[in-house]
>>> print(open('model_10.cif').read())   # mmCIF, C-alpha atoms
data_run
#
loop_
_atom_site.label_atom_id
_atom_site.label_comp_id
_atom_site.auth_asym_id
_atom_site.auth_seq_id
_atom_site.Cartn_x
_atom_site.Cartn_y
_atom_site.Cartn_z
CA MET A 456 0.00 0.00 0.00
CA LYS A 457 1.31 3.42 -0.89
CA ARG A 458 2.36 5.87 1.82
CA SER A 459 -0.43 8.25 0.78
CA THR A 460 -2.99 5.47 1.16
CA TRP A 461 -1.66 4.53 4.60
CA ALA A 462 -1.89 8.20 5.58
CA ALA A 463 -5.51 8.39 4.47
CA VAL A 464 -6.40 5.29 6.46
CA ALA A 465 -4.59 6.59 9.54
CA LEU A 466 -6.38 9.92 9.29
CA SER A 467 -9.77 8.20 9.03
CA LEU A 468 -9.03 6.02 12.06
CA SER A 469 -7.85 9.06 14.07
CA CYS A 470 -11.03 10.95 13.31
CA ALA A 471 -13.14 7.97 14.32
CA VAL A 472 -11.27 7.58 17.61
CA VAL A 473 -11.66 11.29 18.39
CA ALA A 474 -15.38 11.11 17.65
CA ILE A 475 -15.79 8.08 19.92
CA LEU A 476 -13.68 9.48 22.76
CA PHE A 477 -15.28 12.90 22.84
CA ASP A 478 -18.75 11.91 21.69
CA ALA A 479 -19.22 15.37 20.21
CA PRO A 480 -22.92 16.39 20.15
CA PRO A 481 -24.41 17.53 16.89
CA ALA A 482 -24.27 21.23 16.20
CA HIS A 483 -28.03 21.67 16.40
CA GLY A 484 -27.94 20.26 19.98
CA ALA A 485 -25.50 22.95 21.10
CA ASP A 486 -27.67 25.62 19.50
CA HIS A 487 -30.68 24.25 21.38
CA ASP A 488 -28.84 24.46 24.73
CA ILE A 489 -27.80 28.04 24.06
CA ALA A 490 -31.35 29.01 23.13
CA LYS A 491 -32.68 27.36 26.29
CA ARG A 492 -30.18 29.19 28.54
CA GLN A 493 -31.01 32.47 26.87
CA ALA A 494 -34.73 31.89 27.38
CA VAL A 495 -34.18 31.20 31.10
CA TYR A 496 -31.96 34.28 31.36
CA ARG A 497 -34.57 36.53 29.71
CA GLU A 498 -37.24 35.19 32.03
CA LYS A 499 -35.10 35.92 35.10
CA LEU A 500 -34.14 39.32 33.76
CA THR A 501 -37.80 40.25 33.28
CA ALA A 502 -38.64 39.19 36.84
CA TYR A 503 -35.69 41.20 38.17
CA ALA A 504 -36.62 44.28 36.12
CA HIS A 505 -40.20 44.26 37.42
CA ALA A 506 -39.09 43.82 41.04
CA PHE A 507 -36.38 46.47 40.82
CA GLU A 508 -38.73 48.92 39.13
CA ALA A 509 -41.15 48.58 42.04
CA TYR A 510 -38.27 49.05 44.51
CA GLU A 511 -36.90 52.05 42.64
CA ALA A 512 -40.30 53.71 42.72
CA LEU A 513 -39.85 53.86 46.49
CA ALA A 514 -36.08 54.29 46.74
CA GLU A 515 -35.62 57.21 44.36
CA PRO A 516 -38.00 59.63 46.11
CA TYR A 517 -36.68 58.48 49.50
CA TRP A 518 -33.06 59.34 48.67
CA LYS A 519 -34.15 62.60 47.05
CA SER A 520 -35.82 63.54 50.33
CA ILE A 521 -32.59 62.64 52.19
CA SER A 522 -30.62 64.95 49.89
CA LYS A 523 -33.19 67.75 50.17
CA LYS A 524 -33.20 67.64 53.97
CA ARG A 525 -29.40 67.58 54.08
CA SER A 526 -29.17 70.61 51.78
CA LYS A 527 -31.56 72.55 54.03
CA ARG A 528 -29.51 71.67 57.12
CA ARG A 529 -26.30 72.81 55.42
CA ALA A 530 -27.94 76.08 54.33
CA ARG A 531 -28.59 76.96 57.97
CA GLY A 532 -24.85 77.21 58.57
CA SER A 533 -25.22 75.90 62.12
CA PHE A 534 -25.27 72.46 63.68
CA GLU A 535 -27.19 73.65 66.74
CA HIS A 536 -30.91 73.46 67.41
CA LEU A 537 -31.52 70.75 64.82
CA ALA A 538 -34.72 68.82 65.50
CA ALA A 539 -36.30 65.57 64.35
CA ARG A 540 -38.22 67.46 61.64
CA ASP A 541 -34.89 68.32 59.99
CA TYR A 542 -34.29 64.64 59.15
CA VAL A 543 -36.02 61.84 57.30
CA LEU A 544 -37.33 59.58 60.05
CA GLN A 545 -38.24 56.56 57.94
CA GLN A 546 -35.71 53.85 57.18
CA PRO A 547 -34.78 53.45 53.51
CA PRO A 548 -36.64 50.84 51.45
CA ILE A 549 -34.85 47.52 51.08
CA TYR A 550 -34.73 45.62 47.81
CA SER A 551 -36.01 42.10 48.45
CA GLY A 552 -36.61 40.84 44.91
CA PRO A 553 -34.58 38.36 42.85
CA PRO A 554 -30.94 39.20 42.10
CA LYS A 555 -29.94 40.54 38.71
CA PRO A 556 -29.10 37.51 36.56
CA MET A 557 -25.90 37.17 34.56
CA ASN A 558 -26.11 36.72 30.82
CA PRO A 559 -24.77 33.16 30.24
CA GLU A 560 -23.36 34.15 26.86
CA GLY A 561 -22.04 37.58 27.78
CA ALA A 562 -18.52 38.11 29.07
CA PRO A 563 -18.50 40.15 32.28
CA SER A 564 -16.88 43.56 31.92
CA PRO A 565 -13.49 43.54 33.62
CA ALA A 566 -13.46 45.55 36.83
CA LYS A 567 -10.81 48.20 37.23
CA ASP A 568 -8.02 46.98 39.49
CA ILE A 569 -7.64 48.89 42.75
CA PRO A 570 -4.04 50.05 43.22
CA VAL A 571 -2.11 48.33 45.99
CA VAL A 572 1.12 49.06 47.85
CA ALA A 573 3.28 47.79 45.00
CA ASP A 574 1.53 50.26 42.67
CA PHE A 575 1.97 53.16 45.09
CA LEU A 576 5.69 52.42 45.34
CA ARG A 577 6.13 51.97 41.59
CA GLU A 578 4.42 55.24 40.69
CA ALA A 579 6.15 57.17 43.47
CA LYS A 580 9.50 56.22 42.00
CA ALA A 581 8.45 56.64 38.36
CA GLN A 582 6.64 59.97 38.76
CA PHE A 583 8.66 61.68 41.49
CA GLY A 584 11.83 59.65 41.98
CA PHE A 585 10.59 58.96 45.51
CA VAL A 586 11.34 55.83 47.51
CA PRO A 587 9.79 55.91 51.02
CA GLU A 588 12.11 55.53 53.97
CA THR A 589 10.45 52.55 55.59
CA PRO A 590 10.72 52.03 59.35
CA ALA A 591 13.27 49.59 60.73
CA SER A 592 10.43 48.05 62.76
CA GLU A 593 6.72 48.49 63.27
CA ASN A 594 7.42 50.09 66.65
CA ASP A 595 9.55 52.75 64.96
CA TYR A 596 6.56 53.82 62.89
CA LYS A 597 4.29 53.65 65.94
CA ARG A 598 6.73 55.79 67.88
CA ALA A 599 6.79 58.43 65.13
CA TYR A 600 2.99 58.32 65.01
CA VAL A 601 2.71 58.85 68.77
CA ILE A 602 5.10 61.80 68.70
CA ALA A 603 3.11 63.40 65.86
CA ALA A 604 -0.20 62.75 67.62
CA ARG A 605 1.03 64.22 70.90
CA ALA A 606 2.31 67.33 69.10
CA ALA A 607 -1.11 67.72 67.45
CA GLY A 608 -2.92 67.52 70.78
CA LEU A 609 -4.67 64.22 70.08
CA THR A 610 -5.29 61.90 73.02
CA ALA A 611 -4.13 58.33 73.49
CA ALA A 612 -7.74 57.14 73.74
CA GLN A 613 -8.66 58.77 70.42
CA CYS A 614 -5.67 57.40 68.54
CA VAL A 615 -5.53 53.91 70.01
CA ARG A 616 -9.24 53.21 69.63
CA ILE A 617 -9.42 54.58 66.09
CA TYR A 618 -6.32 52.59 65.15
CA ALA A 619 -8.01 49.51 66.63
CA PHE A 620 -11.22 50.15 64.69
CA GLU A 621 -9.61 51.04 61.36
CA SER A 622 -6.74 48.55 61.21
CA GLY A 623 -8.27 45.59 63.02
CA GLY A 624 -6.34 46.06 66.26
CA ASP A 625 -3.05 44.68 64.97
CA GLY A 626 -2.61 46.30 61.55
CA LYS A 627 0.80 47.29 60.28
CA TYR A 628 1.72 50.72 58.94
CA ASP A 629 1.17 49.48 55.37
CA VAL A 630 -2.13 47.65 55.97
CA GLN A 631 -4.63 48.19 53.14
CA ALA A 632 -8.39 47.71 53.24
CA GLY A 633 -9.28 44.18 52.17
CA LEU A 634 -5.73 42.88 52.71
CA GLU A 635 -5.70 42.84 56.48
CA TYR A 636 -5.30 39.06 56.53
CA ASP A 637 -2.83 36.95 54.61
CA VAL A 638 -5.22 34.71 52.71
CA PRO A 639 -5.03 33.74 49.01
CA SER A 640 -8.47 35.10 48.18
CA ALA A 641 -7.85 38.53 49.72
CA ARG A 642 -8.37 41.51 47.40
CA ALA A 643 -8.01 45.23 48.01
CA ILE A 644 -11.43 46.85 48.38
CA SER A 645 -10.17 50.45 48.36
CA THR A 646 -6.96 52.46 48.52
CA ALA A 647 -7.48 52.98 52.28
CA LEU A 648 -4.04 52.65 53.87
CA GLY A 649 -2.36 52.72 57.26
CA TYR A 650 -3.36 53.18 60.87
CA ASN A 651 -6.26 55.51 60.04
CA GLN A 652 -7.00 54.07 56.59
CA LEU A 653 -6.42 57.12 54.42
CA LEU A 654 -7.71 56.96 50.86
CA SER A 655 -5.47 58.13 48.03
CA THR A 656 -7.80 61.14 47.74
CA ASN A 657 -7.12 61.94 51.41
CA SER A 658 -3.38 61.97 50.72
CA VAL A 659 -3.74 64.38 47.81
CA GLU A 660 -6.15 66.60 49.73
CA LEU A 661 -4.00 66.74 52.85
CA LEU A 662 -0.98 67.77 50.81
CA ALA A 663 -3.00 70.52 49.17
CA GLU A 664 -4.36 71.81 52.47
CA ALA A 665 -1.58 71.12 54.98
CA GLY A 666 1.50 70.40 52.89
CA ASP A 667 3.36 73.42 54.26
CA GLU A 668 3.10 71.94 57.77
CA PHE A 669 4.78 68.76 56.58
CA VAL A 670 7.56 70.71 54.90
CA SER A 671 8.15 72.70 58.11
CA ASN A 672 8.33 69.50 60.13
CA LEU A 673 10.90 67.99 57.78
CA ARG A 674 12.84 71.26 57.68
CA ALA A 675 13.16 71.23 61.48
CA LYS A 676 14.43 67.64 61.33
CA ALA A 677 16.91 68.56 58.61
CA ASN A 678 18.22 71.52 60.62
CA ALA A 679 18.90 69.21 63.53
CA ALA A 680 20.50 66.48 61.40
CA LYS A 681 23.96 66.05 59.93
CA GLY A 682 25.66 64.24 57.09
CA GLN A 683 23.73 61.69 55.06
CA ARG A 684 20.60 62.01 57.19
CA LYS A 685 20.46 65.76 56.54
CA ASP A 686 21.00 65.26 52.81
CA ALA A 687 18.26 62.62 52.68
CA LEU A 688 15.79 64.93 54.42
CA LEU A 689 16.59 67.81 52.08
CA ARG A 690 15.99 65.55 49.05
CA LYS A 691 12.74 64.43 50.62
CA ILE A 692 11.64 68.04 51.10
CA ALA A 693 12.31 68.84 47.44
CA ILE A 694 10.23 65.87 46.30
CA LEU A 695 7.47 66.72 48.76
CA ARG A 696 7.26 70.25 47.37
CA ARG A 697 6.71 68.85 43.87
CA MET A 698 3.95 66.61 45.17
CA ILE A 699 2.32 69.55 46.95
CA ALA A 700 2.41 71.63 43.77
CA PHE A 701 0.66 68.83 41.88
CA SER A 702 -1.99 68.49 44.60
CA ARG A 703 -2.66 72.23 44.43
CA SER A 704 -3.04 72.23 40.65
CA VAL A 705 -6.83 71.93 41.01
CA PRO A 706 -9.42 73.71 43.20
CA ASP A 707 -9.59 72.55 46.81
CA ARG A 708 -12.58 70.28 46.31
CA TRP A 709 -12.94 66.59 47.09
CA ASN A 710 -14.04 65.59 43.58
CA ASP A 711 -11.12 67.42 41.99
CA HIS A 712 -8.67 65.80 44.40
CA ALA A 713 -10.24 62.42 43.69
CA ARG A 714 -9.57 62.92 39.99
CA LEU A 715 -5.90 63.67 40.71
CA ALA A 716 -5.64 60.70 43.07
CA ASP A 717 -6.65 58.39 40.25
CA THR A 718 -3.70 59.43 38.07
CA PRO A 719 -0.19 57.90 38.19
CA LYS A 720 1.09 60.93 40.11
CA GLY A 721 -1.77 60.72 42.59
CA ILE A 722 -1.18 57.01 43.11
CA GLY A 723 2.50 57.79 43.72
CA ILE A 724 1.65 60.47 46.30
CA HIS A 725 -0.19 57.86 48.36
CA ALA A 726 3.18 56.15 48.98
CA LEU A 727 4.00 59.02 51.38
CA ASN A 728 2.03 57.11 54.01
CA LEU A 729 4.74 54.44 53.96
CA ASP A 730 7.52 56.90 54.80
CA VAL A 731 8.53 56.94 58.46
CA ASP A 732 8.96 60.74 58.44
CA ILE A 733 5.89 61.80 56.44
CA GLY A 734 3.43 58.91 56.86
CA PRO A 735 2.68 59.52 60.56
CA LEU A 736 2.13 63.23 59.83
CA LEU A 737 -0.45 62.38 57.16
CA GLN A 738 -2.24 59.82 59.33
CA VAL A 739 -2.40 62.21 62.30
CA ARG A 740 -3.41 65.21 60.17
CA LYS A 741 -6.51 63.38 58.96
CA LEU A 742 -7.78 63.12 62.54
CA LEU A 743 -6.65 66.62 63.46
CA THR A 744 -8.63 68.07 60.54
CA SER A 745 -11.82 66.71 62.10
CA VAL A 746 -10.92 68.02 65.57
CA GLU A 747 -10.29 71.47 64.11
CA PHE A 748 -13.59 71.36 62.23
CA ALA A 749 -15.43 70.68 65.49
CA LYS A 750 -13.64 73.56 67.25
CA ARG A 751 -14.45 75.96 64.44
CA HIS A 752 -18.11 75.11 64.95
CA GLY A 753 -18.10 75.78 68.67
CA PHE A 754 -17.28 72.37 70.13
CA ASP A 755 -15.02 72.94 73.15
CA GLY A 756 -14.91 69.42 74.58
CA SER A 757 -12.85 66.40 73.64
CA LEU A 758 -14.32 64.22 70.92
CA SER A 759 -14.61 60.59 71.88
CA ALA A 760 -12.93 58.10 69.59
CA ALA A 761 -16.33 56.92 68.31
CA GLU A 762 -17.47 60.49 67.62
CA LEU A 763 -14.22 61.21 65.80
CA GLU A 764 -14.73 58.01 63.81
CA MET A 765 -18.19 59.21 62.75
CA MET A 766 -16.51 62.27 61.21
CA ASN A 767 -13.93 60.01 59.60
CA LEU A 768 -16.62 57.69 58.27
CA THR A 769 -19.20 60.13 56.91
CA GLY A 770 -17.20 63.33 56.46
CA ASP A 771 -16.68 66.15 58.94
CA GLY A 772 -20.02 67.87 58.37
CA SER A 773 -22.26 64.83 58.64
CA GLY A 774 -20.18 63.30 61.42
CA PHE A 775 -20.29 66.49 63.47
CA GLU A 776 -24.07 66.56 63.18
CA MET A 777 -24.08 63.21 64.96
CA VAL A 778 -21.67 64.55 67.59
CA MET A 779 -23.96 67.50 68.35
CA MET A 780 -27.12 65.40 68.34
CA PRO A 781 -28.74 64.83 71.79
CA ASP A 782 -29.28 61.23 72.88
CA ARG A 783 -33.05 61.40 72.37
CA LEU A 784 -32.49 62.16 68.68
CA ARG A 785 -29.65 59.66 68.28
CA GLU A 786 -32.15 56.95 69.20
CA LYS A 787 -34.53 57.77 66.35
CA ILE A 788 -32.59 59.38 63.48
CA PRO A 789 -31.73 56.83 60.73
CA THR A 790 -28.09 56.64 59.71
CA SER A 791 -29.19 56.99 56.08
CA ASN A 792 -29.45 60.74 56.69
CA PHE A 793 -25.65 60.99 56.77
CA PHE A 794 -24.71 59.02 53.66
CA GLN A 795 -25.00 59.32 49.93
CA ARG A 796 -27.18 56.53 48.56
CA GLY A 797 -24.32 54.57 46.96
CA GLY A 798 -22.17 54.78 50.07
CA TYR A 799 -24.99 53.63 52.31
CA GLU A 800 -25.93 50.70 50.10
CA ARG A 801 -22.28 49.54 50.05
CA ASN A 802 -21.91 49.90 53.82
CA PRO A 803 -23.53 47.02 55.71
CA VAL A 804 -22.38 48.45 59.06
CA ALA A 805 -24.44 51.60 58.57
CA ALA A 806 -27.41 49.64 57.21
CA ASN A 807 -27.39 47.04 60.00
CA ASN A 808 -26.95 49.66 62.72
CA ASN A 809 -29.61 51.90 61.26
CA THR A 810 -29.87 54.69 63.84
CA VAL A 811 -27.20 57.07 65.05
CA ALA A 812 -27.26 55.55 68.54
CA LYS A 813 -26.86 52.02 67.17
CA LEU A 814 -24.01 53.00 64.85
CA ILE A 815 -22.06 54.74 67.62
CA ALA A 816 -22.68 51.81 69.99
CA ALA A 817 -21.50 49.29 67.40
CA THR A 818 -18.39 51.40 66.74
CA ASN A 819 -17.60 51.56 70.44
CA ALA A 820 -18.12 47.81 70.81
CA LYS A 821 -15.69 47.04 68.01
CA MET A 822 -13.17 49.48 69.45
CA ASP A 823 -13.46 47.77 72.84
CA THR A 824 -12.69 44.38 71.32
CA GLU A 825 -9.96 45.35 68.87
CA ALA A 826 -8.15 47.55 71.40
CA GLN A 827 -7.20 44.39 73.29
CA LEU A 828 -5.06 43.08 70.42
CA ASN A 829 -1.28 43.36 70.35
CA GLY A 830 -0.89 46.27 67.95
CA ALA A 831 -3.33 48.48 69.86
CA ARG A 832 -1.83 47.55 73.22
CA THR A 833 1.66 48.37 71.97
CA LEU A 834 0.45 51.73 70.68
CA ALA A 835 -1.17 52.46 74.05
CA THR A 836 2.09 51.63 75.84
CA LEU A 837 4.04 54.01 73.60
CA PHE A 838 1.57 56.80 74.39
CA GLU A 839 2.42 56.32 78.06
CA LYS A 840 6.12 56.86 77.31
CA PHE A 841 5.80 60.06 75.28
#
>>> encode(input="model_10.cif", output="structure tokens")
Amino acid sequence: MKRSTWAAVALSLSCAVVAILFDAPPAHGADHDIAKRQAVYREKLTAYAHAFEAYEALAEPYWKSISKKRSKRRARGSFEHLAARDYVLQQPPIYSGPPKPMNPEGAPSPAKDIPVVADFLREAKAQFGFVPETPASENDYKRAYVIAARAAGLTAAQCVRIYAFESGGDGKYDVQAGLEYDVPSARAISTALGYNQLLSTNSVELLAEAGDEFVSNLRAKANAAKGQRKDALLRKIAILRRMIAFSRSVPDRWNDHARLADTPKGIGIHALNLDVDIGPLLQVRKLLTSVEFAKRHGFDGSLSAAELEMMNLTGDGSGFEMVMMPDRLREKIPTSNFFQRGGYERNPVAANNNTVAKLIAATNAKMDTEAQLNGARTLATLFEKF
């Protein structure tokens, strides 16, 4: 038999074996399965659309009323003498229909990756030639944080309990939201970083608003230093000035700073939190900004850690409303009054603890528990030494 004939026979046998092994279904069967899945999907999508439409008919006017009431409170220019009538007293509607189905034939749109520490470091070096001076140990960073906090007039109770709440009681200086635990499935859920979980937008905004303070602090260190340490601080000051100039290149508004924070330069600026000289200043300044806001609006006492956390969680204005609210109102005012709709719906803590009193109590309870962990206890001990 000729070689070409043998080849033809071999090819026929190979095709037969493949057909037997894989038992490939006829093409029309595959088409039928696809059509069936699409029919099921369309049926589920219709059910979801009807249910969500009914929910939205309640939710949209509710959240508009929240926004309208909030605008009226802000227009008053005072946080005093607010009454129950100034708030929406009903809880927000809850969607209880079927979940939105996934199209079995449609590829899900890829979600934008949230930058992580490696990205902050890469962009800091690429955009500014900056490499953070990392602490020799976690206690070195904690010590610098305590010194900065004491100089700012913050109390040990405020700092330790907020650190416990924000970083899980034992978080390191580079802890990022979603990556608190070393598990394979862990994913960053935001750019929130460090002891007080600053967002990249916070870093840009703080440089724009308080960057000169940081420069002055580094300048004082440089004046007291010698040799290589002095040279390193002077280089750091020069880089910091460039970062400040970039942060001030837009109006001093949160949305504008958020836009900058989402650029390579903004991502690089966030790496400042990892520097042992600048990071503690940033972390402390975030809390001090809220304390100063309260003082400007007539609050002469000391904010509790939970009250300060409310300002950190919802913004200074909304958080301070909760601070000034008497207990009788805290018991009845829904937490939805202090959030944008999207933020509230993504925040199960606020939704589950759905009045001001419940949210503050839950915050205090978590602080009580997490403050017993090693990181928080070490921080408390360092506050006793400085």
>>> resolve_selection(input="model_10.cif", expression="the PyMOL selection byres ((chain A and resi 646-648) around 12)", output="PyMOL selection string")
chain A and resi 568-575+618+621-622+626-635+642-645+649-658+713+716-717+721-729+734-735+737-738+768
>>> write_last_selection(input="model_10.cif", atoms="C-alpha atoms", output="compact mmCIF listing (two decimals), in the frame of the given file")
# COMPACT_ATOMS: atom_id res chain seq x y z
CA ASP A 568 -8.02 46.98 39.49
CA ILE A 569 -7.64 48.89 42.75
CA PRO A 570 -4.04 50.05 43.22
CA VAL A 571 -2.11 48.33 45.99
CA VAL A 572 1.12 49.06 47.85
CA ALA A 573 3.28 47.79 45.00
CA ASP A 574 1.53 50.26 42.67
CA PHE A 575 1.97 53.16 45.09
CA TYR A 618 -6.32 52.59 65.15
CA GLU A 621 -9.61 51.04 61.36
CA SER A 622 -6.74 48.55 61.21
CA GLY A 626 -2.61 46.30 61.55
CA LYS A 627 0.80 47.29 60.28
CA TYR A 628 1.72 50.72 58.94
CA ASP A 629 1.17 49.48 55.37
CA VAL A 630 -2.13 47.65 55.97
CA GLN A 631 -4.63 48.19 53.14
CA ALA A 632 -8.39 47.71 53.24
CA GLY A 633 -9.28 44.18 52.17
CA LEU A 634 -5.73 42.88 52.71
CA GLU A 635 -5.70 42.84 56.48
CA ARG A 642 -8.37 41.51 47.40
CA ALA A 643 -8.01 45.23 48.01
CA ILE A 644 -11.43 46.85 48.38
CA SER A 645 -10.17 50.45 48.36
CA GLY A 649 -2.36 52.72 57.26
CA TYR A 650 -3.36 53.18 60.87
CA ASN A 651 -6.26 55.51 60.04
CA GLN A 652 -7.00 54.07 56.59
CA LEU A 653 -6.42 57.12 54.42
CA LEU A 654 -7.71 56.96 50.86
CA SER A 655 -5.47 58.13 48.03
CA THR A 656 -7.80 61.14 47.74
CA ASN A 657 -7.12 61.94 51.41
CA SER A 658 -3.38 61.97 50.72
CA ALA A 713 -10.24 62.42 43.69
CA ALA A 716 -5.64 60.70 43.07
CA ASP A 717 -6.65 58.39 40.25
CA GLY A 721 -1.77 60.72 42.59
CA ILE A 722 -1.18 57.01 43.11
CA GLY A 723 2.50 57.79 43.72
CA ILE A 724 1.65 60.47 46.30
CA HIS A 725 -0.19 57.86 48.36
CA ALA A 726 3.18 56.15 48.98
CA LEU A 727 4.00 59.02 51.38
CA ASN A 728 2.03 57.11 54.01
CA LEU A 729 4.74 54.44 53.96
CA GLY A 734 3.43 58.91 56.86
CA PRO A 735 2.68 59.52 60.56
CA LEU A 737 -0.45 62.38 57.16
CA GLN A 738 -2.24 59.82 59.33
CA LEU A 768 -16.62 57.69 58.27
>>> atom_distance(input="model_10.cif", atom1="atom CA of Thr769 of chain A", atom2="atom CA of Phe793 of chain A")
6.5 Å
>>> atom_distance(input="model_10.cif", atom1="atom CA of Lys821 of chain A", atom2="atom CA of Val543 of chain A")
27.3 Å
>>> atom_distance(input="model_10.cif", atom1="atom CA of Thr833 of chain A", atom2="atom CA of Val778 of chain A")
28.7 Å
>>> resolve_selection(input="model_10.cif", expression="the PyMOL selection byres ((chain A and resi 761) around 9)", output="PDB file with C-alpha atoms, in the frame of the given file")
ATOM      1  CA  GLN A 613      -8.660  58.770  70.420  1.00  0.00           C
ATOM      2  CA  ARG A 616      -9.240  53.210  69.630  1.00  0.00           C
ATOM      3  CA  ILE A 617      -9.420  54.580  66.090  1.00  0.00           C
ATOM      4  CA  LEU A 758     -14.320  64.220  70.920  1.00  0.00           C
ATOM      5  CA  SER A 759     -14.610  60.590  71.880  1.00  0.00           C
ATOM      6  CA  ALA A 760     -12.930  58.100  69.590  1.00  0.00           C
ATOM      7  CA  GLU A 762     -17.470  60.490  67.620  1.00  0.00           C
ATOM      8  CA  LEU A 763     -14.220  61.210  65.800  1.00  0.00           C
ATOM      9  CA  GLU A 764     -14.730  58.010  63.810  1.00  0.00           C
ATOM     10  CA  MET A 765     -18.190  59.210  62.750  1.00  0.00           C
ATOM     11  CA  MET A 766     -16.510  62.270  61.210  1.00  0.00           C
ATOM     12  CA  ILE A 815     -22.060  54.740  67.620  1.00  0.00           C
ATOM     13  CA  ALA A 816     -22.680  51.810  69.990  1.00  0.00           C
ATOM     14  CA  THR A 818     -18.390  51.400  66.740  1.00  0.00           C
ATOM     15  CA  ASN A 819     -17.600  51.560  70.440  1.00  0.00           C
ATOM     16  CA  MET A 822     -13.170  49.480  69.450  1.00  0.00           C
TER      17      MET A 822
END
>>> residues_around(input="model_10.cif", residues="segment 809-811 of chain A", least_positions_apart="5", cutoff="8 Å", atoms="all atoms listed in the file", output="list in words")
Gln546, Met777, Arg785, Glu786, Lys787, Ile788, Pro789, Thr790 and Ser791 of chain A
>>> residues_near_point(input="model_10.cif", point="(4.3, 73.1, 59.5)", cutoff="12 Å", atoms="all atoms listed in the file", output="mmCIF file with C-alpha atoms, keeping the file's coordinate frame")
data_model
loop_
_atom_site.group_PDB
_atom_site.id
_atom_site.type_symbol
_atom_site.label_atom_id
_atom_site.label_comp_id
_atom_site.auth_asym_id
_atom_site.auth_seq_id
_atom_site.Cartn_x
_atom_site.Cartn_y
_atom_site.Cartn_z
ATOM 1 C CA ALA A 603 3.110 63.400 65.860
ATOM 2 C CA ALA A 606 2.310 67.330 69.100
ATOM 3 C CA ALA A 607 -1.110 67.720 67.450
ATOM 4 C CA LEU A 662 -0.980 67.770 50.810
ATOM 5 C CA GLU A 664 -4.360 71.810 52.470
ATOM 6 C CA ALA A 665 -1.580 71.120 54.980
ATOM 7 C CA GLY A 666 1.500 70.400 52.890
ATOM 8 C CA ASP A 667 3.360 73.420 54.260
ATOM 9 C CA GLU A 668 3.100 71.940 57.770
ATOM 10 C CA PHE A 669 4.780 68.760 56.580
ATOM 11 C CA VAL A 670 7.560 70.710 54.900
ATOM 12 C CA SER A 671 8.150 72.700 58.110
ATOM 13 C CA ASN A 672 8.330 69.500 60.130
ATOM 14 C CA LEU A 673 10.900 67.990 57.780
ATOM 15 C CA ARG A 674 12.840 71.260 57.680
ATOM 16 C CA ALA A 675 13.160 71.230 61.480
ATOM 17 C CA LYS A 676 14.430 67.640 61.330
ATOM 18 C CA ILE A 733 5.890 61.800 56.440
ATOM 19 C CA LEU A 736 2.130 63.230 59.830
ATOM 20 C CA LEU A 737 -0.450 62.380 57.160
ATOM 21 C CA ARG A 740 -3.410 65.210 60.170
#
>>> closest_residue(input="model_10.cif", among="A:Val705, A:Asp732, A:Asp823, A:Ala663", to="Pro590 of chain A", atoms="all atoms listed in the file")
A:Asp732
>>> closest_residue(input="model_10.cif", among="A:Gly682, A:Leu688, A:Leu609, A:Ser702", to="Ser745 of chain A", atoms="only C-alpha atoms")
A:Leu609
>>> build_atoms(input="model_10.cif", residues="segment 698-705 of chain A", atoms="N, CA, C and O atoms", output="PDB file, in the coordinates of the input")
ATOM      1  N   MET A 698       5.232  67.279  44.947  1.00  0.00           N
ATOM      2  CA  MET A 698       3.950  66.610  45.170  1.00  0.00           C
ATOM      3  C   MET A 698       2.885  67.593  45.620  1.00  0.00           C
ATOM      4  O   MET A 698       1.719  67.516  45.190  1.00  0.00           O
ATOM      5  N   ILE A 699       3.262  68.533  46.480  1.00  0.00           N
ATOM      6  CA  ILE A 699       2.320  69.550  46.950  1.00  0.00           C
ATOM      7  C   ILE A 699       1.845  70.410  45.785  1.00  0.00           C
ATOM      8  O   ILE A 699       0.646  70.713  45.652  1.00  0.00           O
ATOM      9  N   ALA A 700       2.777  70.802  44.932  1.00  0.00           N
ATOM     10  CA  ALA A 700       2.410  71.630  43.770  1.00  0.00           C
ATOM     11  C   ALA A 700       1.410  70.898  42.889  1.00  0.00           C
ATOM     12  O   ALA A 700       0.438  71.499  42.397  1.00  0.00           O
ATOM     13  N   PHE A 701       1.607  69.608  42.677  1.00  0.00           N
ATOM     14  CA  PHE A 701       0.660  68.830  41.880  1.00  0.00           C
ATOM     15  C   PHE A 701      -0.700  68.783  42.561  1.00  0.00           C
ATOM     16  O   PHE A 701      -1.748  68.949  41.914  1.00  0.00           O
ATOM     17  N   SER A 702      -0.727  68.581  43.867  1.00  0.00           N
ATOM     18  CA  SER A 702      -1.990  68.490  44.600  1.00  0.00           C
ATOM     19  C   SER A 702      -2.752  69.806  44.582  1.00  0.00           C
ATOM     20  O   SER A 702      -3.987  69.814  44.680  1.00  0.00           O
ATOM     21  N   ARG A 703      -2.032  70.909  44.450  1.00  0.00           N
ATOM     22  CA  ARG A 703      -2.660  72.230  44.430  1.00  0.00           C
ATOM     23  C   ARG A 703      -2.964  72.706  43.015  1.00  0.00           C
ATOM     24  O   ARG A 703      -3.344  73.875  42.833  1.00  0.00           O
ATOM     25  N   SER A 704      -2.812  71.836  42.045  1.00  0.00           N
ATOM     26  CA  SER A 704      -3.040  72.230  40.650  1.00  0.00           C
ATOM     27  C   SER A 704      -4.522  72.253  40.289  1.00  0.00           C
ATOM     28  O   SER A 704      -4.878  72.593  39.151  1.00  0.00           O
ATOM     29  N   VAL A 705      -5.386  71.889  41.227  1.00  0.00           N
ATOM     30  CA  VAL A 705      -6.830  71.930  41.010  1.00  0.00           C
ATOM     31  C   VAL A 705      -7.470  72.656  42.189  1.00  0.00           C
ATOM     32  O   VAL A 705      -6.838  72.834  43.238  1.00  0.00           O
TER      33      VAL A 705
END
